file protein-v9.cif (mmCIF, C-alpha atoms)
data_my_file
loop_
_atom_site.label_atom_id
_atom_site.label_comp_id
_atom_site.auth_asym_id
_atom_site.auth_seq_id
_atom_site.Cartn_x
_atom_site.Cartn_y
_atom_site.Cartn_z
CA MET B 1 -33.23 130.91 -99.49
CA VAL B 2 -29.85 129.80 -98.15
CA THR B 3 -29.69 128.18 -94.71
CA ASP B 4 -26.72 126.88 -92.77
CA ALA B 5 -26.37 123.13 -92.48
CA PRO B 6 -27.51 121.89 -89.04
CA THR B 7 -24.73 121.17 -86.57
CA VAL B 8 -24.78 117.57 -85.34
CA THR B 9 -24.28 117.26 -81.60
CA GLY B 10 -25.11 114.84 -78.85
CA PRO B 11 -23.77 111.45 -77.67
CA GLU B 12 -26.11 109.52 -79.93
CA LYS B 13 -24.21 110.85 -82.99
CA ALA B 14 -20.67 110.44 -81.67
CA ALA B 15 -20.13 107.06 -83.28
CA GLU B 16 -21.18 108.40 -86.68
CA ARG B 17 -18.34 110.89 -86.76
CA PRO B 18 -15.10 109.78 -88.37
CA GLY B 19 -12.31 109.61 -85.84
CA THR B 20 -14.61 109.56 -82.77
CA ALA B 21 -14.32 106.48 -80.58
CA ARG B 22 -17.48 104.83 -79.25
CA GLY B 23 -18.26 106.10 -75.81
CA ALA B 24 -15.89 109.08 -76.06
CA ALA B 25 -17.14 112.50 -75.18
CA PRO B 26 -18.44 114.15 -78.35
CA PRO B 27 -17.05 117.51 -79.37
CA THR B 28 -19.10 120.40 -78.16
CA ALA B 29 -20.78 122.87 -80.44
CA ARG B 30 -18.22 125.46 -79.35
CA THR B 31 -15.35 123.50 -80.96
CA GLU B 32 -17.15 123.13 -84.29
CA SER B 33 -17.20 125.88 -86.92
CA VAL B 34 -19.68 126.11 -89.71
CA VAL B 35 -18.78 128.32 -92.71
CA PRO B 36 -21.69 130.63 -93.50
CA ALA B 37 -23.46 129.56 -96.66
CA SER B 38 -22.94 132.99 -98.17
CA ASP B 39 -19.15 132.56 -97.97
CA GLN B 40 -19.05 129.14 -99.66
CA PRO B 41 -17.97 129.14 -103.35
CA GLY B 42 -20.94 128.59 -105.60
CA SER B 43 -23.53 129.11 -102.85
CA ARG B 44 -26.82 130.68 -103.77
CA LEU B 45 -26.90 134.46 -103.49
CA ALA B 46 -30.07 136.52 -103.10
CA TRP B 47 -29.52 140.07 -104.32
CA PHE B 48 -32.20 141.55 -102.05
CA ARG B 49 -31.15 139.68 -98.89
CA PRO B 50 -27.96 141.25 -97.53
CA HIS B 51 -27.33 138.36 -95.11
CA THR B 52 -26.61 136.14 -98.14
CA TRP B 53 -23.94 138.45 -99.51
CA PRO B 54 -20.33 137.28 -99.00
CA ARG B 55 -18.55 139.42 -96.42
CA ASP B 56 -15.65 140.18 -98.77
CA TRP B 57 -18.19 141.51 -101.31
CA LEU B 58 -19.38 144.05 -98.77
CA LEU B 59 -15.83 145.30 -98.18
CA LEU B 60 -15.11 145.39 -101.90
CA GLY B 61 -18.36 147.23 -102.62
CA ALA B 62 -17.69 149.80 -99.92
CA TYR B 63 -14.23 150.52 -101.29
CA TRP B 64 -15.52 150.71 -104.85
CA ALA B 65 -18.25 153.19 -103.90
CA ALA B 66 -15.86 155.42 -101.91
CA SER B 67 -13.16 155.43 -104.59
CA ARG B 68 -15.64 156.14 -107.38
CA LEU B 69 -17.13 159.07 -105.50
CA LEU B 70 -13.62 160.47 -105.28
CA MET B 71 -13.08 159.93 -109.02
CA LEU B 72 -16.33 161.73 -109.80
CA ALA B 73 -15.34 164.59 -107.52
CA LEU B 74 -12.00 164.89 -109.30
CA LEU B 75 -13.77 164.88 -112.65
CA ARG B 76 -15.98 167.75 -111.53
CA GLN B 77 -13.03 169.70 -110.17
CA GLY B 78 -10.95 169.06 -113.29
CA GLY B 79 -13.10 171.38 -115.36
CA LEU B 80 -13.00 171.22 -119.15
CA ASP B 81 -9.43 169.97 -119.60
CA ILE B 82 -9.71 166.31 -118.59
CA ALA B 83 -13.13 165.91 -120.23
CA ARG B 84 -12.47 168.06 -123.29
CA GLU B 85 -13.04 165.15 -125.66
CA VAL B 86 -16.54 164.57 -124.29
CA HIS B 87 -17.50 168.24 -124.09
CA VAL B 88 -16.17 169.16 -127.52
CA LEU B 89 -15.56 166.14 -129.78
CA TYR B 90 -18.10 163.58 -128.58
CA THR B 91 -20.87 166.17 -128.36
CA ARG B 92 -20.17 167.40 -131.90
CA TRP B 93 -19.97 163.87 -133.28
CA GLU B 94 -23.25 162.92 -131.59
CA GLY B 95 -24.98 165.75 -133.43
CA GLU B 96 -23.61 164.63 -136.80
CA LEU B 97 -24.50 160.99 -136.13
CA ARG B 98 -28.07 161.93 -135.26
CA GLY B 99 -28.16 163.53 -138.70
CA GLY B 100 -27.32 160.17 -140.28
CA SER B 101 -23.63 160.69 -141.08
CA TYR B 102 -20.29 159.87 -139.55
CA PRO B 103 -17.86 162.81 -139.09
CA VAL B 104 -16.71 162.68 -142.73
CA GLY B 105 -13.52 164.67 -143.28
CA ASP B 106 -12.82 165.06 -139.55
CA VAL B 107 -9.29 163.75 -139.02
CA SER B 108 -9.96 163.49 -135.27
CA TRP B 109 -12.43 160.67 -135.92
CA GLN B 110 -10.09 157.70 -135.46
CA TYR B 111 -12.63 155.10 -134.42
CA PRO B 112 -14.34 152.10 -136.04
CA PRO B 113 -18.02 152.38 -136.98
CA GLY B 114 -19.26 150.83 -133.72
CA ALA B 115 -18.05 153.84 -131.76
CA ALA B 116 -21.12 155.65 -133.10
CA LEU B 117 -23.29 153.60 -130.72
CA VAL B 118 -21.31 154.82 -127.72
CA MET B 119 -21.53 158.43 -128.91
CA LEU B 120 -25.30 158.25 -129.35
CA VAL B 121 -26.37 156.55 -126.10
CA PRO B 122 -25.54 159.41 -123.65
CA GLY B 123 -27.91 161.71 -125.52
CA LEU B 124 -30.77 159.28 -124.80
CA VAL B 125 -30.41 159.47 -121.00
CA PRO B 126 -33.49 161.35 -119.75
CA ALA B 127 -33.18 164.51 -117.64
CA ALA B 128 -29.41 164.70 -118.14
CA SER B 129 -27.00 166.67 -120.27
CA TYR B 130 -24.85 164.84 -122.78
CA PHE B 131 -21.86 164.95 -120.45
CA GLN B 132 -23.88 163.70 -117.47
CA GLY B 133 -25.30 160.88 -119.56
CA PHE B 134 -21.84 159.91 -120.72
CA VAL B 135 -20.44 159.79 -117.18
CA LEU B 136 -23.42 157.73 -115.98
CA LEU B 137 -22.82 155.27 -118.85
CA MET B 138 -19.14 154.89 -117.92
CA LEU B 139 -19.98 154.51 -114.23
CA ALA B 140 -22.44 151.74 -115.10
CA ALA B 141 -19.75 150.02 -117.19
CA ASP B 142 -17.31 150.26 -114.27
CA ALA B 143 -19.85 148.67 -111.92
CA ALA B 144 -20.64 145.93 -114.47
CA VAL B 145 -16.97 144.93 -114.66
CA LEU B 146 -16.68 144.73 -110.88
CA LEU B 147 -19.85 142.63 -110.55
CA ALA B 148 -18.81 140.30 -113.38
CA LEU B 149 -15.38 139.69 -111.83
CA ALA B 150 -16.85 139.16 -108.36
CA TRP B 151 -19.57 136.87 -109.71
CA ALA B 152 -17.00 134.74 -111.55
CA ALA B 153 -15.05 134.32 -108.31
CA HIS B 154 -18.21 133.46 -106.36
CA ARG B 155 -19.70 130.92 -108.76
CA ARG B 156 -16.64 128.92 -109.78
CA ARG B 157 -14.44 126.88 -107.49
CA GLY B 158 -10.76 127.74 -107.66
CA HIS B 159 -11.50 131.32 -108.69
CA SER B 160 -10.32 134.33 -106.76
CA LEU B 161 -11.64 137.77 -105.87
CA ALA B 162 -8.17 139.18 -106.61
CA GLY B 163 -9.31 140.22 -110.08
CA ALA B 164 -12.17 142.30 -108.73
CA TRP B 165 -9.82 143.93 -106.24
CA LEU B 166 -7.28 144.72 -108.97
CA TRP B 167 -10.03 146.45 -110.95
CA ALA B 168 -11.29 148.35 -107.90
CA LEU B 169 -7.77 149.45 -106.90
CA GLY B 170 -6.23 149.96 -110.33
CA LEU B 171 -8.77 152.18 -112.05
CA PRO B 172 -8.56 155.09 -109.54
CA LEU B 173 -4.81 155.31 -110.26
CA LEU B 174 -5.87 157.02 -113.49
CA LEU B 175 -7.84 159.59 -111.45
CA SER B 176 -10.95 160.78 -113.31
CA LEU B 177 -9.73 159.91 -116.83
CA PRO B 178 -11.71 156.61 -117.13
CA TYR B 179 -14.99 158.52 -116.88
CA ALA B 180 -13.93 160.99 -119.58
CA ARG B 181 -13.11 158.43 -122.32
CA TYR B 182 -15.27 155.75 -123.87
CA ASP B 183 -12.61 153.04 -123.46
CA LEU B 184 -14.19 152.00 -120.17
CA LEU B 185 -17.31 150.75 -121.94
CA VAL B 186 -15.25 148.83 -124.52
CA THR B 187 -13.25 147.22 -121.73
CA ALA B 188 -16.46 146.18 -119.97
CA VAL B 189 -17.74 144.37 -123.07
CA ALA B 190 -14.33 142.70 -123.59
CA VAL B 191 -14.25 141.53 -119.95
CA LEU B 192 -17.74 140.05 -120.26
CA ALA B 193 -16.69 138.33 -123.49
CA LEU B 194 -13.64 136.73 -121.87
CA LEU B 195 -15.57 135.55 -118.81
CA ALA B 196 -18.25 134.01 -121.05
CA LEU B 197 -15.83 132.17 -123.36
CA PRO B 198 -15.19 128.99 -121.31
CA ALA B 199 -18.84 128.02 -120.79
CA ARG B 200 -20.49 129.87 -123.68
CA PRO B 201 -17.98 130.40 -126.49
CA ARG B 202 -20.63 131.64 -128.92
CA LEU B 203 -21.82 134.32 -126.52
CA GLY B 204 -18.22 135.25 -125.72
CA GLY B 205 -17.38 135.47 -129.41
CA ALA B 206 -20.46 137.57 -130.16
CA LEU B 207 -19.57 140.03 -127.39
CA ALA B 208 -15.98 140.17 -128.63
CA GLY B 209 -17.29 140.95 -132.12
CA LEU B 210 -19.40 143.80 -130.75
CA ALA B 211 -16.41 145.25 -128.87
CA THR B 212 -14.18 144.83 -131.94
CA VAL B 213 -16.48 147.00 -134.05
CA ILE B 214 -16.26 149.65 -131.33
CA LYS B 215 -12.47 149.72 -130.87
CA VAL B 216 -10.66 146.89 -132.78
CA TRP B 217 -8.35 145.59 -130.03
CA PRO B 218 -10.96 143.22 -128.47
CA VAL B 219 -10.53 140.95 -131.50
CA LEU B 220 -7.44 139.70 -129.65
CA THR B 221 -9.53 138.39 -126.75
CA VAL B 222 -10.37 135.16 -128.62
CA LEU B 223 -6.78 134.43 -129.62
CA GLY B 224 -6.17 131.97 -126.77
CA THR B 225 -9.32 129.84 -126.98
CA PRO B 226 -8.63 126.08 -126.83
CA ARG B 227 -8.35 124.28 -130.15
CA GLY B 228 -11.39 122.52 -131.47
CA ARG B 229 -15.05 123.33 -131.08
CA THR B 230 -14.53 126.18 -128.60
CA THR B 231 -12.28 128.07 -131.00
CA ARG B 232 -14.54 127.38 -133.96
CA ASP B 233 -17.67 128.56 -132.16
CA ALA B 234 -16.02 131.65 -130.67
CA TRP B 235 -14.32 132.79 -133.87
CA LEU B 236 -17.38 132.22 -136.05
CA ALA B 237 -19.57 134.08 -133.56
CA LEU B 238 -17.11 136.99 -133.52
CA ALA B 239 -17.08 137.17 -137.31
CA ALA B 240 -20.88 136.95 -137.55
CA SER B 241 -21.45 139.54 -134.82
CA ALA B 242 -18.92 142.01 -136.21
CA GLY B 243 -20.06 141.50 -139.80
CA ALA B 244 -23.74 142.00 -138.99
CA LEU B 245 -23.07 145.16 -136.99
CA LEU B 246 -20.81 146.62 -139.69
CA LEU B 247 -23.46 145.93 -142.31
CA LEU B 248 -26.13 147.59 -140.17
CA LEU B 249 -24.03 150.69 -139.43
CA GLY B 250 -22.80 150.96 -143.00
CA THR B 251 -26.40 150.96 -144.19
CA ALA B 252 -27.77 153.33 -141.54
CA PHE B 253 -25.02 156.00 -141.68
CA ARG B 254 -22.98 157.68 -144.38
CA GLY B 255 -19.18 157.49 -144.29
CA ALA B 256 -18.91 154.53 -141.93
CA PHE B 257 -15.45 153.52 -143.16
CA ASP B 258 -13.82 156.91 -143.70
CA PHE B 259 -11.86 156.49 -140.46
CA PHE B 260 -9.38 154.32 -142.38
CA LEU B 261 -8.11 157.41 -144.21
CA ALA B 262 -7.25 159.25 -140.99
CA GLN B 263 -5.60 156.15 -139.53
CA GLN B 264 -3.27 155.86 -142.51
CA GLU B 265 -1.94 159.38 -141.89
CA ARG B 266 -1.16 158.88 -138.21
CA GLY B 267 2.40 159.70 -137.16
CA VAL B 268 4.37 159.09 -133.97
CA GLU B 269 2.50 160.21 -130.86
CA ILE B 270 4.66 161.76 -128.14
CA GLU B 271 3.78 159.14 -125.48
CA SER B 272 4.47 156.06 -127.62
CA MET B 273 7.59 153.90 -127.64
CA GLY B 274 8.75 155.60 -130.82
CA GLY B 275 7.93 158.93 -129.20
CA ALA B 276 10.20 158.06 -126.28
CA VAL B 277 13.04 157.50 -128.75
CA LEU B 278 12.41 160.88 -130.39
CA HIS B 279 12.10 162.56 -126.99
CA THR B 280 15.58 161.30 -126.13
CA ALA B 281 16.93 162.37 -129.51
CA ARG B 282 15.41 165.81 -128.96
CA LEU B 283 17.31 166.19 -125.69
CA LEU B 284 20.50 165.33 -127.62
CA GLY B 285 19.91 167.97 -130.28
CA TRP B 286 17.45 166.46 -132.77
CA PRO B 287 15.75 169.42 -134.52
CA GLY B 288 12.19 168.02 -134.66
CA GLY B 289 9.15 169.43 -132.92
CA VAL B 290 5.60 168.61 -131.77
CA ARG B 291 2.31 169.41 -133.48
CA HIS B 292 -1.33 168.64 -132.65
CA GLN B 293 -2.71 166.66 -135.58
CA TYR B 294 -5.09 163.72 -136.15
CA GLY B 295 -6.47 164.10 -132.65
CA SER B 296 -3.19 163.86 -130.70
CA PHE B 297 0.20 165.47 -130.23
CA GLU B 298 2.68 163.98 -132.69
CA PHE B 299 6.31 164.53 -133.59
CA ILE B 300 7.25 166.24 -136.83
CA GLY B 301 10.68 166.48 -138.38
CA PRO B 302 13.40 164.31 -139.89
CA TYR B 303 13.28 160.53 -139.32
CA VAL B 304 9.72 160.59 -137.98
CA PRO B 305 8.39 158.55 -140.97
CA GLU B 306 11.13 155.99 -140.38
CA VAL B 307 10.21 155.67 -136.70
CA ALA B 308 6.53 155.28 -137.65
CA LEU B 309 7.45 152.55 -140.14
CA ALA B 310 9.53 150.79 -137.51
CA SER B 311 6.52 150.77 -135.19
CA LEU B 312 4.35 149.19 -137.88
CA LEU B 313 6.99 146.54 -138.55
CA LEU B 314 7.22 145.76 -134.84
CA THR B 315 3.44 145.39 -134.69
CA ALA B 316 3.62 142.94 -137.60
CA ALA B 317 6.41 141.03 -135.82
CA ALA B 318 4.28 140.90 -132.65
CA PHE B 319 1.38 139.39 -134.57
CA GLY B 320 3.80 136.91 -136.09
CA TRP B 321 4.96 135.86 -132.63
CA LEU B 322 1.35 135.45 -131.49
CA LEU B 323 0.60 133.20 -134.46
CA LEU B 324 3.73 131.16 -133.73
CA TRP B 325 2.65 130.80 -130.11
CA ARG B 326 -0.81 129.69 -131.23
CA MET B 327 0.68 126.98 -133.45
CA ARG B 328 3.20 125.77 -130.86
CA ALA B 329 1.02 125.86 -127.74
CA ARG B 330 0.01 122.43 -126.45
CA ARG B 331 -0.97 122.91 -122.81
CA TRP B 332 -4.21 124.74 -122.10
CA THR B 333 -5.63 125.61 -118.71
CA GLU B 334 -8.69 127.61 -117.76
CA ALA B 335 -6.46 130.68 -117.49
CA THR B 336 -4.79 130.35 -120.91
CA PRO B 337 -7.39 132.33 -122.93
CA TYR B 338 -7.21 135.15 -120.39
CA ASP B 339 -3.41 135.15 -120.23
CA ALA B 340 -3.12 135.13 -124.03
CA ALA B 341 -5.52 138.06 -124.36
CA LEU B 342 -3.45 140.17 -121.95
CA ALA B 343 -0.17 139.28 -123.66
CA ALA B 344 -1.60 140.07 -127.10
CA VAL B 345 -3.02 143.46 -126.12
CA LEU B 346 0.21 144.37 -124.33
CA LEU B 347 2.17 143.64 -127.51
CA PHE B 348 -0.31 145.67 -129.54
CA THR B 349 0.08 148.56 -127.09
CA VAL B 350 3.86 148.75 -126.84
CA THR B 351 4.40 148.49 -130.60
CA SER B 352 1.71 151.00 -131.55
CA ARG B 353 2.46 154.46 -132.94
CA VAL B 354 0.09 155.79 -130.26
CA ILE B 355 -0.07 155.03 -126.53
CA SER B 356 -2.85 157.09 -125.04
CA PRO B 357 -3.36 157.18 -121.25
CA GLN B 358 -6.75 155.45 -121.56
CA TYR B 359 -5.06 152.34 -122.96
CA LEU B 360 -4.23 151.44 -119.36
CA ILE B 361 -7.96 150.89 -118.78
CA TRP B 362 -7.85 147.97 -121.24
CA LEU B 363 -4.79 146.45 -119.61
CA ILE B 364 -6.12 146.71 -116.06
CA GLY B 365 -9.37 145.08 -117.15
CA LEU B 366 -7.65 142.17 -118.89
CA ALA B 367 -5.22 141.66 -116.00
CA ALA B 368 -8.19 141.58 -113.63
CA VAL B 369 -9.78 138.77 -115.64
CA CYS B 370 -6.50 136.83 -115.44
CA LEU B 371 -6.42 137.14 -111.66
CA THR B 372 -9.86 135.56 -111.28
CA VAL B 373 -8.23 132.18 -112.02
CA GLY B 374 -5.70 130.59 -109.70
CA GLN B 375 -3.81 129.00 -112.62
CA THR B 376 -2.92 132.30 -114.26
CA THR B 377 0.69 133.02 -115.18
CA GLN B 378 0.14 136.77 -115.23
CA ARG B 379 0.32 137.82 -111.58
CA PRO B 380 3.72 139.56 -111.97
CA THR B 381 2.43 141.30 -115.09
CA ALA B 382 -0.62 142.56 -113.22
CA VAL B 383 1.61 143.91 -110.46
CA LEU B 384 3.71 145.83 -113.00
CA LEU B 385 0.61 147.41 -114.51
CA LEU B 386 -0.24 149.20 -111.26
CA PRO B 387 2.88 151.44 -111.20
CA ALA B 388 2.50 151.81 -114.99
CA ALA B 389 -1.00 153.22 -114.43
CA ALA B 390 0.22 155.53 -111.67
CA THR B 391 3.09 156.78 -113.85
CA THR B 392 0.63 157.35 -116.70
CA THR B 393 -1.25 159.76 -114.44
CA VAL B 394 1.99 161.62 -113.73
CA ASP B 395 2.47 161.84 -117.51
CA TYR B 396 -1.12 162.98 -118.13
CA PRO B 397 -2.49 165.20 -116.79
CA LEU B 398 0.01 166.11 -114.07
CA PHE B 399 3.25 166.58 -116.10
CA PHE B 400 1.82 166.86 -119.58
CA GLY B 401 3.18 170.37 -120.08
CA ALA B 402 6.68 169.09 -119.36
CA VAL B 403 6.14 166.19 -121.76
CA LEU B 404 5.01 168.57 -124.52
CA GLY B 405 7.98 170.83 -123.88
CA GLY B 406 10.41 167.92 -123.99
CA SER B 407 12.07 168.78 -120.65
CA TRP B 408 14.17 166.12 -118.98
CA GLN B 409 11.50 165.72 -116.27
CA GLY B 410 8.79 165.03 -118.84
CA VAL B 411 11.01 162.71 -120.86
CA THR B 412 11.93 160.78 -117.70
CA VAL B 413 8.26 160.18 -116.93
CA VAL B 414 7.56 158.90 -120.47
CA LEU B 415 10.64 156.64 -120.40
CA LEU B 416 9.67 155.22 -117.00
CA ARG B 417 6.06 154.52 -117.97
CA ASN B 418 7.01 152.96 -121.30
CA GLY B 419 9.75 150.93 -119.63
CA LEU B 420 7.18 149.46 -117.24
CA LEU B 421 4.84 148.62 -120.12
CA LEU B 422 7.64 147.04 -122.13
CA ALA B 423 8.76 144.97 -119.13
CA ALA B 424 5.14 143.89 -118.55
CA ALA B 425 4.75 142.85 -122.21
CA LEU B 426 7.97 140.83 -122.29
CA LEU B 427 7.26 139.17 -118.94
CA SER B 428 3.71 138.35 -120.02
CA CYS B 429 4.85 136.71 -123.25
CA VAL B 430 7.67 134.73 -121.62
CA ARG B 431 5.42 133.35 -118.90
CA LEU B 432 2.67 132.51 -121.40
CA TRP B 433 5.12 130.67 -123.66
CA ARG B 434 6.70 128.69 -120.83
CA ALA B 435 3.33 127.63 -119.46
CA THR B 436 1.85 126.44 -122.77
CA VAL B 437 4.66 125.43 -125.15
CA PRO B 438 6.47 122.20 -124.23
CA ARG B 439 10.23 122.21 -124.29
CA ARG B 440 11.91 120.28 -127.05
CA ARG B 441 13.89 117.35 -125.80
CA PRO B 442 17.43 117.19 -127.16
CA SER B 443 17.82 114.47 -129.77
CA PRO B 444 19.98 111.51 -128.63
#

call {"tool": "encode", "arguments": {"input": "protein-v9.cif", "output": "structure tokens"}}
result
Amino acid sequence: MVTDAPTVTGPEKAAERPGTARGAAPPTARTESVVPASDQPGSRLAWFRPHTWPRDWLLLGAYWAASRLLMLALLRQGGLDIAREVHVLYTRWEGELRGGSYPVGDVSWQYPPGAALVMLVPGLVPAASYFQGFVLLMLAADAAVLLALAWAAHRRRGHSLAGAWLWALGLPLLLSLPYARYDLLVTAVAVLALLALPARPRLGGALAGLATVIKVWPVLTVLGTPRGRTTRDAWLALAASAGALLLLLGTAFRGAFDFFLAQQERGVEIESMGGAVLHTARLLGWPGGVRHQYGSFEFIGPYVPEVALASLLLTAAAFGWLLLWRMRARRWTEATPYDAALAAVLLFTVTSRVISPQYLIWLIGLAAVCLTVGQTTQRPTAVLLLPAAATTTVDYPLFFGAVLGGSWQGVTVVLLRNGLLLAAALLSCVRLWRATVPRRRPSP
């Protein structure tokens, strides 16, 4: 139970107070202010005693609940379109997985073996349809991220609730999409992994390994761990966790690694950076077109393979830059692992052949983790991600017909969103480099 410290008053205690002369009138109780224990960083919090909850938590929780009710209402009103993947693809895949096999030969299956776990869990929710179970699972993941960010701010001095607010404010910018894709659950595991890394690198690494087997990109969350034992423990735990889960899934299901074949055939998706180039070329007379293949809308026509190859080369160059940063970095703060994770995933996103709207869920989650620490360099990056998320919603679902048709309105939206993401990636990398890599002094 948390109690306020007693207020000392009375003439007999005046001399014990610093700065109070003997015999002077003591300050009255009215002039003294005592911060409620529930608002002090690191104070004990009783979940079932509301008077111990920090006041800013109550405001945050009220906003989260109201905004999520609106998102759920939008999901219900959106009908089949926004949740088509869950209604059609996820439901079909769940049936095949229950039969002991991955969707072998299905080119829409683009996911690592761990995604099977996410597809199977909604069917286990009692008294609910598959779709209802899926939405409940994503809602629980959303709440877990908010609580983890708020708890980190509450328990550690120098931490801020800004990250929790960014998560609460940023996710609704994508309307109901986060509850109709499984990326929200992956982001939740990655956020928990990052928050665990400083104090428990093995636990953080194990969680990162679990998330990696589900959607690959969380492997980048351990890139910025400090050199030495922390890095060794985190990286070994990631490898052990991912390896054990892959072995288990590969043994339990047939065709666990067939997704590699579909990934190799991927082209240039219409919302990617390369897609923006082809959109512009199309307005200028390029004769290519758009086709739905491999689970997304991709460009077909001359020069598309070259653009796809350029994207792969840029991804390789981005990884090269990250390795160079890792070797050159000398200054580490508590925020460095978080900042490096955001920069790495941003680079992965902007150089990819595919930029799906749900990728913004990852970026908002990682930016929120950065903002929990006062030493972060990524505040401007986080600010840029908010209009990028809003513009993504204009792209899909609001203007997606115009994007498919290649009209100047649709192309403008894609160029604007991708420009914001590119600016965020460059700014993130520059600020990370300047904060961690010492400048070379000119030789005399």

call {"tool": "residues_around", "arguments": {"input": "protein-v9.cif", "residues": "Val290 of chain B", "least_positions_apart": "2", "cutoff": "10 Å", "atoms": "only C-alpha atoms", "output": "PyMOL selection string"}}
result
chain B and resi 268-270+288+292-293+297-301+404-406

call {"tool": "resolve_selection", "arguments": {"input": "protein-v9.cif", "expression": "the PyMOL selection byres ((chain B and resi 420) around 12)", "output": "PyMOL selection string"}}
result
chain B and resi 273+346+350+360+380-392+413-419+421-428

call {"tool": "residues_near_point", "arguments": {"input": "protein-v9.cif", "point": "(-4.2, 157.9, -136.2)", "cutoff": "12 Å", "atoms": "only C-alpha atoms", "output": "ChimeraX atom specification"}}
result
/B:106-112,259-269,292-298,308,352-356

call {"tool": "resolve_selection", "arguments": {"input": "protein-v9.cif", "expression": "the PyMOL selection byres ((chain B and resi 122) around 8)", "output": "PyMOL selection string"}}
result
chain B and resi 118-121+123-125+130-134+137

call {"tool": "residues_around", "arguments": {"input": "protein-v9.cif", "residues": "Asp81 of chain B", "least_positions_apart": "5", "cutoff": "12 Å", "atoms": "all atoms listed in the file", "output": "list in words"}}
result
Leu74, Leu75, Arg76, Val86, His87, Val88, Ser176, Leu177, Ala180, Tyr396, Pro397, Leu398 and Phe400 of chain B

call {"tool": "write_last_selection", "arguments": {"input": "protein-v9.cif", "atoms": "C-alpha atoms", "output": "mmCIF file, keeping the file's coordinate frame"}}
result
data_model
loop_
_atom_site.group_PDB
_atom_site.id
_atom_site.type_symbol
_atom_site.label_atom_id
_atom_site.label_comp_id
_atom_site.auth_asym_id
_atom_site.auth_seq_id
_atom_site.Cartn_x
_atom_site.Cartn_y
_atom_site.Cartn_z
ATOM 1 C CA LEU B 74 -12.000 164.890 -109.300
ATOM 2 C CA LEU B 75 -13.770 164.880 -112.650
ATOM 3 C CA ARG B 76 -15.980 167.750 -111.530
ATOM 4 C CA VAL B 86 -16.540 164.570 -124.290
ATOM 5 C CA HIS B 87 -17.500 168.240 -124.090
ATOM 6 C CA VAL B 88 -16.170 169.160 -127.520
ATOM 7 C CA SER B 176 -10.950 160.780 -113.310
ATOM 8 C CA LEU B 177 -9.730 159.910 -116.830
ATOM 9 C CA ALA B 180 -13.930 160.990 -119.580
ATOM 10 C CA TYR B 396 -1.120 162.980 -118.130
ATOM 11 C CA PRO B 397 -2.490 165.200 -116.790
ATOM 12 C CA LEU B 398 0.010 166.110 -114.070
ATOM 13 C CA PHE B 400 1.820 166.860 -119.580
#

call {"tool": "atom_distance", "arguments": {"input": "protein-v9.cif", "atom1": "atom CA of Gly100 of chain B", "atom2": "atom CA of Phe253 of chain B"}}
result
5.0 Å
